[in-house]
Amino acid sequence: MDKNAIKKYATWARRELIFRVSQKAEFYGVTAKGYGDINADSIDGRVLSLTEKSQRQALIHKVRSEGYEQVLEEVAYTWFNRFSSLRYMEVNCRTAN
């Protein structure tokens with residue numbers, strides 16, 4: 001097993017996931033520079049659904065308590081673990097047929 005390849009991939013995946021998570025946060029008006037009105041009904045002219053509004057508020061509360069960078073790291077870490085687990089199951093688990 002080439003451990004260097006795994007290390008390179010993990011580093012790349014971490015950076016890529018953090019970038020993608022930051023893009024999604026920005027889509028909802030949450031950036032490292034701020035987030036505007038926590039009770040906003042729309043972002044950049046796009047009306048938020050009740051679910052989106054609630055999730056945005058939860059994200060803002062988490063950013064306030066833990067910090068923007070920490071939240072991005074945590075979310076990226078969670079997604080990396082999920083993808084890794086799915087791949088592991090795909091390769092090693094057999095269906096019960």
# chains A, B, ... in the order shown; residues from 1 in each chain; ligands from 1
call {"tool": "select_by_dssp", "arguments": {"residues": "chain A", "states": "strand (DSSP E or B)", "output": "JSON, numbers by chain"}}
result
{"A": [31, 34, 42, 43, 46, 47]}
call {"tool": "residues_around", "arguments": {"residues": "Ser54 in chain A", "least_positions_apart": "5", "cutoff": "12 Å", "atoms": "only C-alpha atoms", "output": "PDB file with all heavy atoms, in the first residue's frame"}}
result
ATOM      1  N   TYR A  28     -25.349  30.865   0.956  1.00  0.00           N
ATOM      2  CA  TYR A  28     -26.324  31.280   1.971  1.00  0.00           C
ATOM      3  C   TYR A  28     -25.908  32.549   2.702  1.00  0.00           C
ATOM      4  O   TYR A  28     -26.440  32.872   3.765  1.00  0.00           O
ATOM      5  CB  TYR A  28     -26.602  30.138   2.947  1.00  0.00           C
ATOM      6  CG  TYR A  28     -27.381  29.038   2.276  1.00  0.00           C
ATOM      7  CD1 TYR A  28     -26.772  27.850   1.894  1.00  0.00           C
ATOM      8  CD2 TYR A  28     -28.733  29.202   1.984  1.00  0.00           C
ATOM      9  CE1 TYR A  28     -27.482  26.857   1.251  1.00  0.00           C
ATOM     10  CE2 TYR A  28     -29.446  28.212   1.337  1.00  0.00           C
ATOM     11  CZ  TYR A  28     -28.827  27.053   0.978  1.00  0.00           C
ATOM     12  OH  TYR A  28     -29.537  26.067   0.318  1.00  0.00           O
ATOM     13  N   ILE A  38     -29.168  37.697  10.597  1.00  0.00           N
ATOM     14  CA  ILE A  38     -29.411  36.282  10.888  1.00  0.00           C
ATOM     15  C   ILE A  38     -30.842  35.874  10.536  1.00  0.00           C
ATOM     16  O   ILE A  38     -31.114  34.725  10.228  1.00  0.00           O
ATOM     17  CB  ILE A  38     -29.079  35.945  12.365  1.00  0.00           C
ATOM     18  CG1 ILE A  38     -29.074  34.435  12.583  1.00  0.00           C
ATOM     19  CG2 ILE A  38     -30.050  36.646  13.300  1.00  0.00           C
ATOM     20  CD1 ILE A  38     -28.527  33.992  13.910  1.00  0.00           C
ATOM     21  N   ASN A  39     -31.763  36.826  10.549  1.00  0.00           N
ATOM     22  CA  ASN A  39     -33.167  36.530  10.255  1.00  0.00           C
ATOM     23  C   ASN A  39     -33.559  36.896   8.825  1.00  0.00           C
ATOM     24  O   ASN A  39     -34.743  37.034   8.525  1.00  0.00           O
ATOM     25  CB  ASN A  39     -34.074  37.267  11.237  1.00  0.00           C
ATOM     26  CG  ASN A  39     -33.870  36.771  12.653  1.00  0.00           C
ATOM     27  OD1 ASN A  39     -33.881  35.575  12.901  1.00  0.00           O
ATOM     28  ND2 ASN A  39     -33.647  37.681  13.571  1.00  0.00           N
ATOM     29  N   ALA A  40     -32.596  37.017   7.943  1.00  0.00           N
ATOM     30  CA  ALA A  40     -32.868  37.396   6.554  1.00  0.00           C
ATOM     31  C   ALA A  40     -33.808  36.389   5.890  1.00  0.00           C
ATOM     32  O   ALA A  40     -33.695  35.182   6.099  1.00  0.00           O
ATOM     33  CB  ALA A  40     -31.565  37.481   5.771  1.00  0.00           C
ATOM     34  N   ASP A  41     -34.733  36.915   5.103  1.00  0.00           N
ATOM     35  CA  ASP A  41     -35.668  36.070   4.362  1.00  0.00           C
ATOM     36  C   ASP A  41     -35.151  35.751   2.964  1.00  0.00           C
ATOM     37  O   ASP A  41     -35.668  34.859   2.293  1.00  0.00           O
ATOM     38  CB  ASP A  41     -37.029  36.755   4.245  1.00  0.00           C
ATOM     39  CG  ASP A  41     -37.731  36.868   5.585  1.00  0.00           C
ATOM     40  OD1 ASP A  41     -37.635  35.910   6.383  1.00  0.00           O
ATOM     41  OD2 ASP A  41     -38.366  37.903   5.844  1.00  0.00           O
ATOM     42  N   LEU A  48     -35.408  32.494   0.712  1.00  0.00           N
ATOM     43  CA  LEU A  48     -35.085  31.248   1.413  1.00  0.00           C
ATOM     44  C   LEU A  48     -36.360  30.544   1.857  1.00  0.00           C
ATOM     45  O   LEU A  48     -37.300  31.190   2.331  1.00  0.00           O
ATOM     46  CB  LEU A  48     -34.223  31.547   2.638  1.00  0.00           C
ATOM     47  CG  LEU A  48     -32.882  32.229   2.395  1.00  0.00           C
ATOM     48  CD1 LEU A  48     -32.225  32.578   3.732  1.00  0.00           C
ATOM     49  CD2 LEU A  48     -31.966  31.358   1.564  1.00  0.00           C
ATOM     50  N   SER A  49     -36.367  29.224   1.745  1.00  0.00           N
ATOM     51  CA  SER A  49     -37.479  28.448   2.291  1.00  0.00           C
ATOM     52  C   SER A  49     -37.349  28.459   3.813  1.00  0.00           C
ATOM     53  O   SER A  49     -36.303  28.846   4.359  1.00  0.00           O
ATOM     54  CB  SER A  49     -37.436  27.013   1.766  1.00  0.00           C
ATOM     55  OG  SER A  49     -36.335  26.319   2.313  1.00  0.00           O
ATOM     56  N   LEU A  59     -26.339  27.469  11.213  1.00  0.00           N
ATOM     57  CA  LEU A  59     -24.955  27.644  10.766  1.00  0.00           C
ATOM     58  C   LEU A  59     -24.344  28.899  11.370  1.00  0.00           C
ATOM     59  O   LEU A  59     -23.217  28.879  11.875  1.00  0.00           O
ATOM     60  CB  LEU A  59     -24.894  27.701   9.236  1.00  0.00           C
ATOM     61  CG  LEU A  59     -23.533  27.993   8.618  1.00  0.00           C
ATOM     62  CD1 LEU A  59     -22.504  26.935   9.002  1.00  0.00           C
ATOM     63  CD2 LEU A  59     -23.653  28.117   7.099  1.00  0.00           C
ATOM     64  N   ILE A  60     -25.084  29.976  11.357  1.00  0.00           N
ATOM     65  CA  ILE A  60     -24.583  31.235  11.914  1.00  0.00           C
ATOM     66  C   ILE A  60     -24.318  31.102  13.413  1.00  0.00           C
ATOM     67  O   ILE A  60     -23.287  31.573  13.908  1.00  0.00           O
ATOM     68  CB  ILE A  60     -25.552  32.393  11.613  1.00  0.00           C
ATOM     69  CG1 ILE A  60     -25.518  32.704  10.109  1.00  0.00           C
ATOM     70  CG2 ILE A  60     -25.205  33.631  12.420  1.00  0.00           C
ATOM     71  CD1 ILE A  60     -26.600  33.652   9.638  1.00  0.00           C
ATOM     72  N   HIS A  61     -25.214  30.444  14.125  1.00  0.00           N
ATOM     73  CA  HIS A  61     -24.997  30.234  15.570  1.00  0.00           C
ATOM     74  C   HIS A  61     -23.726  29.420  15.805  1.00  0.00           C
ATOM     75  O   HIS A  61     -22.935  29.724  16.703  1.00  0.00           O
ATOM     76  CB  HIS A  61     -26.194  29.536  16.211  1.00  0.00           C
ATOM     77  CG  HIS A  61     -27.380  30.411  16.399  1.00  0.00           C
ATOM     78  ND1 HIS A  61     -27.358  31.550  17.176  1.00  0.00           N
ATOM     79  CD2 HIS A  61     -28.635  30.333  15.899  1.00  0.00           C
ATOM     80  CE1 HIS A  61     -28.540  32.121  17.159  1.00  0.00           C
ATOM     81  NE2 HIS A  61     -29.346  31.412  16.371  1.00  0.00           N
TER      82      HIS A  61
END
call {"tool": "atom_distance", "arguments": {"atom1": "CA of Thr51 in chain A", "atom2": "CA of Leu86 in chain A"}}
result
26.8 Å
call {"tool": "atom_distance", "arguments": {"atom1": "CA of Gly67 in chain A", "atom2": "CA of Lys53 in chain A"}}
result
19.7 Å
call {"tool": "residues_around", "arguments": {"residues": "range 17-24 of chain A", "least_positions_apart": "2", "cutoff": "8 Å", "atoms": "only C-alpha atoms", "output": "short mmCIF file (atom, residue, chain, number, x, y, z; two decimals) with N, CA and C atoms, in the first residue's frame"}}
result
data_model
loop_
_atom_site.label_atom_id
_atom_site.label_comp_id
_atom_site.auth_asym_id
_atom_site.auth_seq_id
_atom_site.Cartn_x
_atom_site.Cartn_y
_atom_site.Cartn_z
N ALA A 13 -8.11 16.16 -0.63
CA ALA A 13 -9.54 16.05 -0.34
C ALA A 13 -9.95 17.03 0.75
N ARG A 14 -9.14 17.20 1.76
CA ARG A 14 -9.44 18.14 2.84
C ARG A 14 -9.57 19.56 2.29
N ARG A 15 -8.58 19.97 1.50
CA ARG A 15 -8.63 21.31 0.91
C ARG A 15 -9.83 21.48 -0.01
N GLU A 26 -21.20 30.41 1.43
CA GLU A 26 -21.31 31.70 0.75
C GLU A 26 -22.63 31.81 -0.01
N PHE A 27 -23.11 30.70 -0.57
CA PHE A 27 -24.40 30.67 -1.26
C PHE A 27 -25.52 31.14 -0.33
N TYR A 28 -25.35 30.86 0.96
CA TYR A 28 -26.32 31.28 1.97
C TYR A 28 -25.91 32.55 2.70
N THR A 31 -19.91 34.06 5.21
CA THR A 31 -18.51 34.08 4.80
C THR A 31 -17.63 34.34 6.01
N LEU A 72 -15.87 25.11 9.14
CA LEU A 72 -15.54 24.55 7.84
C LEU A 72 -14.72 23.27 7.98
N GLU A 73 -13.74 23.30 8.87
CA GLU A 73 -12.91 22.11 9.12
C GLU A 73 -13.77 20.94 9.58
N VAL A 75 -17.04 20.38 9.19
CA VAL A 75 -17.94 19.89 8.14
C VAL A 75 -17.14 19.10 7.10
N ALA A 76 -16.00 19.61 6.69
CA ALA A 76 -15.16 18.91 5.72
C ALA A 76 -14.72 17.55 6.27
N TRP A 79 -17.67 15.12 6.10
CA TRP A 79 -17.91 14.63 4.74
C TRP A 79 -16.82 13.66 4.29
N PHE A 80 -15.58 13.94 4.64
CA PHE A 80 -14.49 13.04 4.27
C PHE A 80 -14.71 11.66 4.89
#
call {"tool": "select_by_dssp", "arguments": {"residues": "range 8-96 of chain A", "states": "alpha helix (DSSP H)", "output": "PyMOL selection string"}}
result
chain A and resi 8-27+50-66+68-92
call {"tool": "atom_distance", "arguments": {"atom1": "CA of Lys62 in chain A", "atom2": "CA of Glu16 in chain A"}}
result
21.4 Å
call {"tool": "closest_residue", "arguments": {"among": "A:Gly34, A:Ser85, A:Val91, A:Gly29", "to": "Arg56 in chain A", "atoms": "only C-alpha atoms"}}
result
A:Gly29
call {"tool": "decode", "arguments": {"residues": "range 59-71 of chain A", "atoms": "N, CA, C and O atoms", "output": "compact mmCIF listing (two decimals), in the first residue's frame"}}
result
# COMPACT_ATOMS: atom_id res chain seq x y z
N LEU A 59 -26.34 27.47 11.21
CA LEU A 59 -24.96 27.64 10.77
C LEU A 59 -24.34 28.90 11.37
O LEU A 59 -23.22 28.88 11.88
N ILE A 60 -25.08 29.98 11.36
CA ILE A 60 -24.58 31.23 11.91
C ILE A 60 -24.32 31.10 13.41
O ILE A 60 -23.29 31.57 13.91
N HIS A 61 -25.21 30.44 14.12
CA HIS A 61 -25.00 30.23 15.57
C HIS A 61 -23.73 29.42 15.81
O HIS A 61 -22.93 29.72 16.70
N LYS A 62 -23.52 28.40 14.98
CA LYS A 62 -22.31 27.57 15.12
C LYS A 62 -21.06 28.38 14.81
O LYS A 62 -20.05 28.27 15.51
N VAL A 63 -21.12 29.21 13.76
CA VAL A 63 -19.98 30.05 13.40
C VAL A 63 -19.69 31.04 14.53
O VAL A 63 -18.53 31.29 14.86
N ARG A 64 -20.72 31.59 15.12
CA ARG A 64 -20.53 32.53 16.24
C ARG A 64 -19.85 31.86 17.42
O ARG A 64 -18.98 32.45 18.06
N SER A 65 -20.25 30.64 17.73
CA SER A 65 -19.72 29.97 18.92
C SER A 65 -18.36 29.33 18.69
O SER A 65 -17.53 29.29 19.60
N GLU A 66 -18.10 28.80 17.47
CA GLU A 66 -16.86 28.06 17.23
C GLU A 66 -15.89 28.74 16.29
O GLU A 66 -14.72 28.37 16.24
N GLY A 67 -16.38 29.66 15.49
CA GLY A 67 -15.53 30.32 14.50
C GLY A 67 -15.72 29.73 13.12
O GLY A 67 -15.96 28.53 12.96
N TYR A 68 -15.61 30.58 12.12
CA TYR A 68 -15.85 30.19 10.73
C TYR A 68 -14.93 29.07 10.27
O TYR A 68 -15.38 28.05 9.74
N GLU A 69 -13.63 29.23 10.46
CA GLU A 69 -12.66 28.24 10.01
C GLU A 69 -12.88 26.89 10.68
O GLU A 69 -12.79 25.84 10.03
N GLN A 70 -13.16 26.91 11.98
CA GLN A 70 -13.39 25.66 12.72
C GLN A 70 -14.61 24.92 12.19
O GLN A 70 -14.60 23.70 12.04
N VAL A 71 -15.67 25.65 11.89
CA VAL A 71 -16.89 25.03 11.36
C VAL A 71 -16.61 24.41 10.00
O VAL A 71 -17.03 23.27 9.74
